[in-house]
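Student: Sharing entry27.tsv (TSV, C-alpha atoms and all ligand atoms) below.
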```
chain	number	residue	atom	x	y	z
A	1308	MET	CA	49.91	107.19	102.53
A	1309	ASN	CA	47.61	104.15	102.92
A	1310	SER	CA	45.55	103.01	99.94
A	1311	SER	CA	42.66	105.43	100.66
A	1312	GLN	CA	42.92	109.20	100.14
A	1313	GLU	CA	42.45	109.68	103.85
A	1314	VAL	CA	45.28	110.84	106.12
A	1315	LYS	CA	44.96	108.94	109.39
A	1316	ILE	CA	46.99	110.24	112.32
A	1317	LEU	CA	47.50	108.64	115.72
A	1318	ALA	CA	48.13	111.51	118.15
A	1319	ILE	CA	49.62	111.36	121.66
A	1320	GLU	CA	49.49	114.04	124.39
A	1321	SER	CA	51.27	113.72	127.76
A	1322	SER	CA	52.56	117.22	128.55
A	1323	CYS	CA	50.96	117.58	131.98
A	1324	ASP	CA	48.49	115.43	133.92
A	1325	GLU	CA	46.35	113.86	131.19
A	1326	THR	CA	47.49	110.76	129.30
A	1327	ALA	CA	45.72	111.05	125.96
A	1328	ALA	CA	45.59	109.44	122.54
A	1329	ALA	CA	43.33	110.04	119.53
A	1330	VAL	CA	42.81	108.98	115.95
A	1331	VAL	CA	42.10	111.90	113.64
A	1332	VAL	CA	41.29	111.54	109.94
A	1333	ASN	CA	41.95	114.41	107.53
A	1334	GLY	CA	42.45	116.86	110.37
A	1335	ARG	CA	38.88	117.48	111.47
A	1336	ASP	CA	37.29	114.03	111.67
A	1337	VAL	CA	37.98	112.74	115.20
A	1338	ARG	CA	37.43	108.97	115.26
A	1339	SER	CA	38.49	108.58	118.91
A	1340	ASN	CA	39.66	110.85	121.72
A	1341	ILE	CA	40.72	108.96	124.83
A	1342	ILE	CA	41.78	110.90	127.94
A	1343	SER	CA	43.01	109.31	131.15
A	1344	SER	CA	43.02	112.06	133.76
A	1345	GLN	CA	45.32	112.02	136.79
A	1346	ILE	CA	43.36	114.72	138.61
A	1347	ASP	CA	42.34	112.40	141.47
A	1348	ILE	CA	46.02	111.67	142.27
A	1349	HIS	CA	47.30	115.26	142.07
A	1350	THR	CA	44.30	116.59	144.03
A	1351	LEU	CA	45.77	114.86	147.10
A	1352	TYR	CA	48.82	117.15	146.82
A	1353	GLY	CA	47.00	120.38	145.86
A	1354	GLY	CA	48.60	120.54	142.39
A	1355	VAL	CA	50.46	118.54	139.75
A	1356	VAL	CA	53.45	116.58	141.11
A	1357	PRO	CA	55.76	116.22	138.07
A	1358	GLU	CA	57.37	112.90	139.00
A	1359	LEU	CA	54.02	111.29	139.75
A	1360	ALA	CA	52.68	112.59	136.42
A	1361	SER	CA	55.53	110.89	134.51
A	1362	ARG	CA	55.04	107.63	136.40
A	1363	LYS	CA	51.30	107.58	135.68
A	1364	HIS	CA	51.87	108.34	131.99
A	1365	ILE	CA	54.23	105.38	131.65
A	1366	GLU	CA	51.70	103.10	133.37
A	1367	ARG	CA	48.75	104.19	131.26
A	1368	ILE	CA	49.97	105.20	127.82
A	1369	ASN	CA	49.78	101.79	126.14
A	1370	GLN	CA	46.21	101.15	127.31
A	1371	VAL	CA	45.15	104.65	126.23
A	1372	ILE	CA	46.63	104.17	122.73
A	1373	THR	CA	45.08	100.70	122.39
A	1374	LYS	CA	41.71	102.12	123.38
A	1375	ALA	CA	42.04	105.01	120.90
A	1376	LEU	CA	42.81	102.58	118.04
A	1377	ASP	CA	40.06	100.12	119.08
A	1378	THR	CA	37.46	102.89	119.38
A	1379	ALA	CA	38.39	104.12	115.90
A	1380	GLY	CA	38.23	100.53	114.61
A	1381	MET	CA	41.79	100.74	113.35
A	1382	THR	CA	45.25	99.26	113.98
A	1383	PRO	CA	48.71	100.85	113.89
A	1384	ASP	CA	49.03	99.53	110.32
A	1385	ASP	CA	46.24	101.87	109.22
A	1386	MET	CA	48.10	104.98	110.40
A	1387	ASP	CA	49.81	107.42	108.02
A	1388	ALA	CA	51.69	109.30	110.74
A	1389	ILE	CA	52.25	109.52	114.50
A	1390	ALA	CA	51.92	112.94	116.15
A	1391	VAL	CA	53.09	113.85	119.63
A	1392	THR	CA	53.28	116.92	121.84
A	1393	TYR	CA	57.00	117.67	122.37
A	1394	GLY	CA	56.65	120.95	124.32
A	1395	PRO	CA	56.02	123.05	126.26
A	1396	GLY	CA	55.19	121.10	129.40
A	1397	LEU	CA	56.73	118.98	132.15
A	1398	VAL	CA	59.90	117.40	130.79
A	1399	GLY	CA	59.43	113.95	132.31
A	1400	ALA	CA	55.80	113.85	131.22
A	1401	LEU	CA	56.61	114.96	127.65
A	1402	LEU	CA	59.38	112.36	127.35
A	1403	VAL	CA	56.93	109.50	127.89
A	1404	GLY	CA	54.82	110.57	124.92
A	1405	VAL	CA	57.81	111.39	122.71
A	1406	ALA	CA	59.51	108.04	123.37
A	1407	GLU	CA	56.27	106.15	122.74
A	1408	ALA	CA	55.58	108.01	119.49
A	1409	LYS	CA	59.10	107.38	118.25
A	1410	ALA	CA	58.84	103.67	119.02
A	1411	ILE	CA	55.59	103.32	117.04
A	1412	ALA	CA	56.85	105.45	114.14
A	1413	TYR	CA	60.07	103.41	114.00
A	1414	ALA	CA	58.33	100.05	114.23
A	1415	LYS	CA	55.79	100.97	111.53
A	1416	GLN	CA	58.21	103.08	109.46
A	1417	ILE	CA	55.77	105.98	109.21
A	1418	PRO	CA	56.35	109.74	109.67
A	1419	LEU	CA	56.79	111.25	113.12
A	1420	ILE	CA	55.42	114.78	113.69
A	1421	GLY	CA	56.22	116.76	116.84
A	1422	VAL	CA	53.49	119.26	117.75
A	1423	HIS	CA	53.61	122.42	119.87
A	1424	HIS	CA	51.07	122.09	122.70
A	1425	ILE	CA	49.67	125.62	122.20
A	1426	GLU	CA	49.32	125.01	118.47
A	1427	GLY	CA	47.25	121.99	119.48
A	1428	HIS	CA	45.01	124.09	121.73
A	1429	ILE	CA	44.42	126.61	118.92
A	1430	SER	CA	43.71	123.79	116.44
A	1431	ALA	CA	40.99	122.37	118.74
A	1432	ASN	CA	38.79	125.08	117.20
A	1433	TYR	CA	38.98	123.42	113.75
A	1434	ILE	CA	37.40	120.16	114.96
A	1435	GLU	CA	33.82	121.32	115.46
A	1436	ASN	CA	33.96	124.48	113.33
A	1437	LYS	CA	34.45	122.94	109.90
A	1438	ASP	CA	34.32	126.35	108.22
A	1439	LEU	CA	37.03	127.97	110.36
A	1440	GLU	CA	40.17	128.84	108.42
A	1441	PRO	CA	43.00	131.27	109.16
A	1442	PRO	CA	43.48	134.15	109.47
A	1443	PHE	CA	41.85	134.64	112.84
A	1444	LEU	CA	42.76	135.84	116.32
A	1445	CYS	CA	42.91	133.36	119.21
A	1446	LEU	CA	43.13	133.80	122.95
A	1447	VAL	CA	44.85	130.77	124.50
A	1448	VAL	CA	44.14	130.58	128.22
A	1449	SER	CA	45.43	127.50	130.03
A	1450	GLY	CA	47.19	126.49	133.22
A	1451	GLY	CA	50.58	127.41	131.81
A	1452	HIS	CA	49.81	130.03	129.15
A	1453	THR	CA	47.91	133.20	128.40
A	1454	HIS	CA	48.65	134.11	124.80
A	1455	LEU	CA	46.88	136.34	122.33
A	1456	VAL	CA	47.83	134.87	118.97
A	1457	LYS	CA	47.31	135.99	115.38
A	1458	VAL	CA	46.85	132.78	113.41
A	1459	GLN	CA	48.02	133.99	110.01
A	1460	ASP	CA	47.89	130.60	108.30
A	1461	TYR	CA	48.04	126.94	109.31
A	1462	GLY	CA	51.21	126.66	111.37
A	1463	VAL	CA	52.00	130.39	111.10
A	1464	TYR	CA	51.56	132.29	114.34
A	1465	GLU	CA	52.32	135.74	115.65
A	1466	VAL	CA	52.10	136.16	119.42
A	1467	THR	CA	50.72	139.65	119.97
A	1468	GLY	CA	50.35	139.48	123.74
A	1469	LYS	CA	51.11	137.21	126.65
A	1470	THR	CA	51.24	137.15	130.41
A	1471	ARG	CA	54.16	138.81	132.15
A	1472	ASP	CA	53.77	136.55	135.19
A	1473	ASP	CA	51.06	134.01	136.10
A	1474	ALA	CA	48.89	132.36	133.46
A	1475	ALA	CA	45.11	132.83	133.81
A	1476	GLY	CA	44.59	129.16	134.78
A	1477	GLU	CA	47.45	129.34	137.26
A	1478	ALA	CA	45.73	132.31	138.94
A	1479	PHE	CA	42.48	130.30	139.16
A	1480	ASP	CA	44.40	127.38	140.70
A	1481	LYS	CA	46.30	129.54	143.24
A	1482	VAL	CA	43.23	131.51	144.35
A	1483	ALA	CA	41.17	128.31	144.64
A	1484	ARG	CA	43.82	126.88	146.96
A	1485	ALA	CA	43.83	130.08	149.06
A	1486	ILE	CA	40.06	130.01	149.54
A	1487	GLY	CA	40.06	126.29	150.33
A	1488	LEU	CA	38.47	124.98	147.14
A	1489	GLY	CA	41.44	122.80	146.16
A	1490	TYR	CA	42.71	121.54	142.80
A	1491	PRO	CA	41.93	122.04	139.95
A	1492	GLY	CA	40.90	125.58	140.70
A	1493	GLY	CA	39.17	126.68	137.50
A	1494	PRO	CA	36.11	124.41	137.55
A	1495	LYS	CA	35.78	124.75	141.35
A	1496	ILE	CA	35.86	128.57	141.25
A	1497	GLU	CA	33.35	128.59	138.39
A	1498	LYS	CA	30.98	126.32	140.34
A	1499	ALA	CA	31.30	128.38	143.56
A	1500	SER	CA	30.84	131.63	141.61
A	1501	HIS	CA	27.31	130.64	140.59
A	1502	LYS	CA	26.25	131.10	144.22
A	1503	GLY	CA	28.28	134.29	144.75
A	1504	ASN	CA	27.99	138.01	144.04
A	1505	ALA	CA	30.57	139.07	141.43
A	1506	ASP	CA	30.27	142.71	142.55
A	1507	ALA	CA	30.79	141.98	146.27
A	1508	ILE	CA	34.53	142.77	146.23
A	1509	HIS	CA	36.39	144.95	143.75
A	1510	PHE	CA	39.69	143.34	142.76
A	1511	PRO	CA	42.14	145.21	140.48
A	1512	ARG	CA	42.22	144.84	136.68
A	1513	ALA	CA	45.90	145.11	135.81
A	1514	LYS	CA	47.16	146.98	132.76
A	1515	VAL	CA	50.72	146.30	131.60
A	1516	SER	CA	52.49	149.52	130.71
A	1517	GLY	CA	53.77	149.64	127.16
A	1518	SER	CA	51.58	146.85	125.81
A	1519	ALA	CA	47.80	146.83	125.39
A	1520	TYR	CA	47.82	143.09	124.79
A	1521	ASP	CA	50.03	141.76	127.55
A	1522	PHE	CA	48.53	140.39	130.75
A	1523	SER	CA	49.52	140.29	134.42
A	1524	PHE	CA	47.66	138.23	137.01
A	1525	SER	CA	50.07	138.13	139.95
A	1526	GLY	CA	48.80	141.47	141.34
A	1527	LEU	CA	45.24	140.16	141.28
A	1528	LYS	CA	46.32	137.01	143.10
A	1529	SER	CA	48.08	139.13	145.76
A	1530	ALA	CA	44.98	141.34	146.08
A	1531	VAL	CA	42.86	138.26	146.82
A	1532	LEU	CA	45.41	137.04	149.41
A	1533	ASN	CA	45.51	140.50	151.04
A	1534	TYR	CA	41.72	140.60	151.15
A	1535	LEU	CA	41.63	137.17	152.83
A	1536	ASN	CA	44.28	138.18	155.39
A	1537	GLY	CA	42.48	141.46	156.07
A	1538	CYS	CA	39.24	139.60	156.76
A	1539	LYS	CA	40.99	137.21	159.13
A	1540	MET	CA	42.68	140.05	161.04
A	1541	LYS	CA	39.44	142.02	161.35
A	1542	GLN	CA	37.52	138.81	162.08
A	1543	ILE	CA	35.16	139.45	159.19
A	1544	PRO	CA	33.61	136.22	157.84
A	1545	ILE	CA	34.84	135.26	154.37
A	1546	VAL	CA	32.12	134.43	151.86
A	1547	THR	CA	33.99	131.98	149.60
A	1548	GLU	CA	31.39	132.21	146.82
A	1549	ASP	CA	31.66	136.03	146.70
A	1550	VAL	CA	35.48	135.89	146.58
A	1551	ALA	CA	35.29	133.26	143.80
A	1552	ALA	CA	32.76	135.26	141.75
A	1553	SER	CA	34.55	138.61	142.22
A	1554	PHE	CA	37.95	137.11	141.34
A	1555	GLN	CA	36.54	135.33	138.29
A	1556	LYS	CA	34.94	138.57	137.11
A	1557	ALA	CA	38.24	140.43	137.45
A	1558	VAL	CA	40.07	137.82	135.32
A	1559	ILE	CA	37.34	137.69	132.68
A	1560	ASP	CA	37.04	141.49	132.43
A	1561	VAL	CA	40.77	141.73	131.63
A	1562	LEU	CA	40.68	138.84	129.14
A	1563	VAL	CA	37.68	140.29	127.29
A	1564	ASP	CA	39.05	143.84	127.36
A	1565	HIS	CA	42.48	142.90	125.93
A	1566	ALA	CA	41.06	140.47	123.40
A	1567	MET	CA	38.56	143.01	122.07
A	1568	CYS	CA	41.28	145.66	121.82
A	1569	ALA	CA	43.18	143.27	119.54
A	1570	VAL	CA	40.02	142.32	117.62
A	1571	GLU	CA	39.43	146.00	116.83
A	1572	GLN	CA	43.06	146.66	115.96
A	1573	TYR	CA	43.59	143.64	113.68
A	1574	GLN	CA	40.15	143.61	112.01
A	1575	VAL	CA	40.26	139.90	111.19
A	1576	GLY	CA	36.51	139.36	111.76
A	1577	LYS	CA	37.06	135.98	113.45
A	1578	PHE	CA	37.98	135.39	117.07
A	1579	ALA	CA	38.52	132.06	118.89
A	1580	ILE	CA	39.32	130.96	122.42
A	1581	ALA	CA	41.28	127.87	123.47
A	1582	GLY	CA	42.85	126.13	126.49
A	1583	GLY	CA	41.43	124.88	129.79
A	1584	VAL	CA	40.15	128.28	130.98
A	1585	ALA	CA	38.20	128.60	127.70
A	1586	SER	CA	35.79	125.98	129.07
A	1587	ASN	CA	34.61	128.57	131.63
A	1588	GLY	CA	30.94	129.29	130.88
A	1589	VAL	CA	31.03	132.92	132.03
A	1590	LEU	CA	34.10	133.67	129.89
A	1591	ARG	CA	32.48	132.06	126.84
A	1592	GLN	CA	29.26	134.04	127.34
A	1593	GLN	CA	31.04	137.37	127.78
A	1594	MET	CA	33.33	136.81	124.80
A	1595	GLU	CA	30.32	135.86	122.70
A	1596	GLU	CA	28.48	139.08	123.64
A	1597	ALA	CA	31.56	141.25	123.05
A	1598	CYS	CA	32.13	139.67	119.60
A	1599	LYS	CA	28.46	140.03	118.66
A	1600	LYS	CA	28.57	143.73	119.50
A	1601	ARG	CA	31.49	144.17	117.09
A	1602	GLY	CA	30.10	141.98	114.30
A	1603	VAL	CA	32.90	139.44	114.79
A	1604	ARG	CA	32.36	135.65	114.48
A	1605	PHE	CA	33.16	133.85	117.70
A	1606	TYR	CA	34.55	130.29	117.84
A	1607	TYR	CA	35.16	128.02	120.83
A	1608	PRO	CA	35.74	124.31	121.32
A	1609	SER	CA	33.52	122.04	123.46
A	1610	PRO	CA	34.85	121.90	127.05
A	1611	VAL	CA	36.42	118.44	126.50
A	1612	LEU	CA	38.44	119.88	123.60
A	1613	CYS	CA	39.48	122.95	125.65
A	1614	THR	CA	41.34	121.02	128.33
A	1615	ASP	CA	44.28	118.79	127.36
A	1616	ASN	CA	43.47	116.12	124.79
A	1617	ALA	CA	45.16	114.37	121.86
A	1618	ALA	CA	42.53	115.11	119.19
A	1619	MET	CA	43.76	118.72	119.03
A	1620	ILE	CA	47.33	117.41	118.54
A	1621	GLY	CA	46.17	115.21	115.65
A	1622	THR	CA	44.41	118.17	114.04
A	1623	ALA	CA	47.47	120.42	114.27
A	1624	ALA	CA	49.66	117.59	112.97
A	1625	TYR	CA	47.47	117.11	109.89
A	1626	TYR	CA	48.27	120.61	108.63
A	1627	ASP	CA	51.97	120.05	109.42
A	1628	TYR	CA	51.74	116.77	107.49
A	1629	LEU	CA	50.24	118.52	104.46
A	1630	ALA	CA	53.01	121.15	104.69
A	1631	GLY	CA	55.59	118.34	104.54
A	1632	LYS	CA	56.82	118.70	108.13
A	1633	ARG	CA	58.51	115.52	109.37
A	1634	ASP	CA	60.63	114.97	112.47
A	1635	ASP	CA	63.56	112.60	112.70
A	1636	TRP	CA	64.78	110.35	115.50
A	1637	SER	CA	66.44	113.31	117.22
A	1638	LEU	CA	63.03	114.69	118.30
A	1639	ASN	CA	63.25	115.48	122.01
A	1640	ALA	CA	61.06	117.02	124.72
A	1641	VAL	CA	61.41	120.83	124.89
A	1642	PRO	CA	59.82	121.97	128.18
A	1643	ASN	CA	59.95	125.70	127.37
A	1644	LEU	CA	59.27	125.54	123.64
A	1645	LYS	CA	58.16	128.90	122.23
A	1646	LEU	CA	55.34	129.22	119.71
A	1647	GLY	CA	56.68	129.62	116.16
A	1648	GLN	CA	59.98	127.80	116.96
B	1	LIG	O1	44.73	123.52	128.88
B	1	LIG	P1	44.79	122.85	130.20
B	1	LIG	O2	43.99	121.58	130.38
B	1	LIG	O3	46.26	122.50	130.58
B	1	LIG	C1	47.34	123.33	130.31
B	1	LIG	O4	47.83	123.29	129.13
B	1	LIG	O5	47.72	124.10	131.23
B	1	LIG	O6	44.35	123.94	131.28
B	1	LIG	C2	44.25	123.64	132.63
B	1	LIG	C3	43.86	124.92	133.35
B	1	LIG	C4	43.88	124.78	134.86
B	1	LIG	O7	44.58	125.88	135.40
B	1	LIG	C5	42.41	124.83	135.23
B	1	LIG	O8	42.17	125.38	136.52
B	1	LIG	C6	41.84	125.70	134.14
B	1	LIG	O9	42.53	125.31	132.98
B	1	LIG	N1	40.41	125.49	133.96
B	1	LIG	C7	39.47	126.44	134.17
B	1	LIG	C8	38.21	125.81	133.97
B	1	LIG	N2	38.44	124.50	133.64
B	1	LIG	C9	39.79	124.33	133.63
B	1	LIG	N3	39.58	127.73	134.51
B	1	LIG	C10	38.45	128.43	134.66
B	1	LIG	N4	37.20	127.91	134.53
B	1	LIG	C11	37.04	126.60	134.18
B	1	LIG	N5	35.82	126.10	134.05
B	2	ZN	ZN	47.07	122.50	127.69
```
Would you write out, as structure tokens, the structure that this file holds?
Ligand code: KG4
Ligand code: ZN
Tutor:
Amino acid sequence: MNSSQEVKILAIESSCDETAAAVVVNGRDVRSNIISSQIDIHTLYGGVVPELASRKHIERINQVITKALDTAGMTPDDMDAIAVTYGPGLVGALLVGVAEAKAIAYAKQIPLIGVHHIEGHISANYIENKDLEPPFLCLVVSGGHTHLVKVQDYGVYEVTGKTRDDAAGEAFDKVARAIGLGYPGGPKIEKASHKGNADAIHFPRAKVSGSAYDFSFSGLKSAVLNYLNGCKMKQIPIVTEDVAASFQKAVIDVLVDHAMCAVEQYQVGKFAIAGGVASNGVLRQQMEEACKKRGVRFYYPSPVLCTDNAAMIGTAAYYDYLAGKRDDWSLNAVPNLKLGQ
């Protein structure tokens, strides 16, 4: 550790289409959080193009890291460890961050800590909620994941439910494309929904047989596509805002319903949300109301900490650092890394 009692971590995130770096001190003190988004490039193709994502990461990563250190007023010599997302995610994109982190850790002879991306999303809740400590229940809803997780301790997770098919964010993205809103779907559907009637169309709320906590969104996506085709065949005008609002309501109803089932079952008294979809204002409001009704404390990160960022990776890494976790030079990208592995 450096001369001070502080643990300073440089964190890197490159698992999808954001090139990000952050300096985090003692886990919850974010000194910088730099995010270079590639959304404008991938929008042209209607979704993330993996090879383009890797190429953009390699072009931008050094500038993003330099900016993170400059903003924090620090240099690589001040760092106690380098943290990096090593999975899950796009393999080529992950490899850019992992190789960069290894190079810095090797050059500076400081510890290297590989972080699970979902663990990072969950840990985003610690940054602004200084009093939040495990155990608590967390719903992680992102473009690639829909997980209901029991956070038993720092770094100790039990997945109690997950999606059987599409992730919640993926459903937002696919439906947005179908109704002509484009990529990324989540924010565009939320914006359109403000002008729509959420009760205009009834879309199904899927239950997964055998598990109260698992999710399924592919049937809902098909129901929206069938509705759109039906309208076209019958020459009924499609009100995009109504479709957006009704679809969003169907997703949120299921997320709230399953999450509250688990809240009641596990009786932990604390519930958090995380991941890109957690920045949805309607979801946040409904979760807040449902938690209030049950006397449960509700936690959520600011929108910028819900979508991909490196601050959350630095926070997760701090608790790994305290637990003595260190990775060696064999650290590799693991595109389908499971939580708890
Ligand atoms: O966590 P994230 O940035 O990346 C992954 O780890 O996947 O999540 C991105 C996902 C996308 O599917 C995006 O459409 C969705 O989060 N999203 C939203 C909103 N903002 C982002 N979904 C619903 N409402 C939003 N406001
Ligand atoms: Zn993510």
Student: Give me, as a Markdown table, the closest atom pair and its distance (Å, one decimal) for every residue of chain A within a cut-off of 6 Å of ligand LIG 1 (chain B), counting only C-alpha atoms and all ligand atoms, rows sorted by chain and rising number.
Tutor:
```
| residue | atom | partner | partner_atom | distance |
| --- | --- | --- | --- | --- |
| A:Ser1449 | CA | B:LIG1 | O6 | 3.9 |
| A:Gly1450 | CA | B:LIG1 | O5 | 3.2 |
| A:Gly1451 | CA | B:LIG1 | O5 | 4.4 |
| A:Gly1476 | CA | B:LIG1 | O7 | 3.3 |
| A:Glu1477 | CA | B:LIG1 | O7 | 4.9 |
| A:Phe1479 | CA | B:LIG1 | O8 | 5.6 |
| A:Asp1480 | CA | B:LIG1 | O8 | 5.1 |
| A:Pro1491 | CA | B:LIG1 | O8 | 4.8 |
| A:Gly1492 | CA | B:LIG1 | O8 | 4.4 |
| A:Gly1493 | CA | B:LIG1 | N3 | 3.2 |
| A:Pro1494 | CA | B:LIG1 | N5 | 3.9 |
| A:Glu1497 | CA | B:LIG1 | N4 | 5.5 |
| A:Gly1582 | CA | B:LIG1 | O1 | 4.0 |
| A:Gly1583 | CA | B:LIG1 | O9 | 3.4 |
| A:Val1584 | CA | B:LIG1 | N3 | 3.6 |
| A:Ser1586 | CA | B:LIG1 | N5 | 5.0 |
| A:Asn1587 | CA | B:LIG1 | N5 | 3.7 |
| A:Thr1614 | CA | B:LIG1 | O2 | 3.4 |
| A:Asp1615 | CA | B:LIG1 | O2 | 4.1 |
```
Student: Record the distance separating CA of Leu1401 (chain A) and CA of Glu1313 (chain A), expressed in Å with one decimal.
Tutor: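 So the two atoms, CA of Leu1401 (chain A) and CA of Glu1313 (chain A), lie 28.2 Å apart.
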Student: Within 12 Å of ligand ZN 2 (chain B), which residues show up when you count all atoms listed in the file? List them as a VMD selection string, please.
Tutor: chain A and resid 1320 to 1327 1392 1394 to 1397 1423 to 1431 1447 to 1453 1474 1476 to 1477 1581 to 1586 1611 to 1617 1619 to 1620
Student: If you count only C-alpha atoms, which residues fall within 9 Å of Ala1390 (chain A), apart from same-chain ones fewer than 3 positions away, as a ChimeraX atom specification?
Tutor: /A:1316-1320,1405,1408,1418-1422,1617,1620-1621,1623-1625
Student: Could you name the residues that touch Thr1350 (chain A) at 9 Å or less, counting all atoms listed in the file, but leaving out those on the same chain fewer than 5 positions away, as number ranges by chain?
Tutor: A: 1345, 1355, 1489-1491
Student: So the first atom is CA of Arg1335 (chain A) and the second is CA of Lys1437 (chain A); what is the distance between them in Å, to one decimal place?
Tutor: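 CA of Arg1335 (chain A) sits 7.2 Å away from CA of Lys1437 (chain A).
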Student: Need to verify the contact set: Cys1445 (chain A), 6 Å, only C-alpha atoms, exclusion of same-chain residues closer than 6 positions in sequence. Can you return it as a PDB file with C-alpha atoms, in the frame of the given file?
Tutor:
```pdb
ATOM      1  CA  LEU A1455      46.880 136.340 122.330  1.00  0.00           C
ATOM      2  CA  VAL A1456      47.830 134.870 118.970  1.00  0.00           C
ATOM      3  CA  PHE A1578      37.980 135.390 117.070  1.00  0.00           C
ATOM      4  CA  ALA A1579      38.520 132.060 118.890  1.00  0.00           C
ATOM      5  CA  ILE A1580      39.320 130.960 122.420  1.00  0.00           C
TER       6      ILE A1580
END
```
Student: Could you tell me which of A:Gly1602, A:Ala1618, A:Gln1592, A:Trp1636 comes closest to Ile1341 (chain A) if we count only C-alpha atoms?
Tutor: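 Once distances to Ile1341 (chain A) are computed over only C-alpha atoms, the minimum belongs to A:Ala1618.
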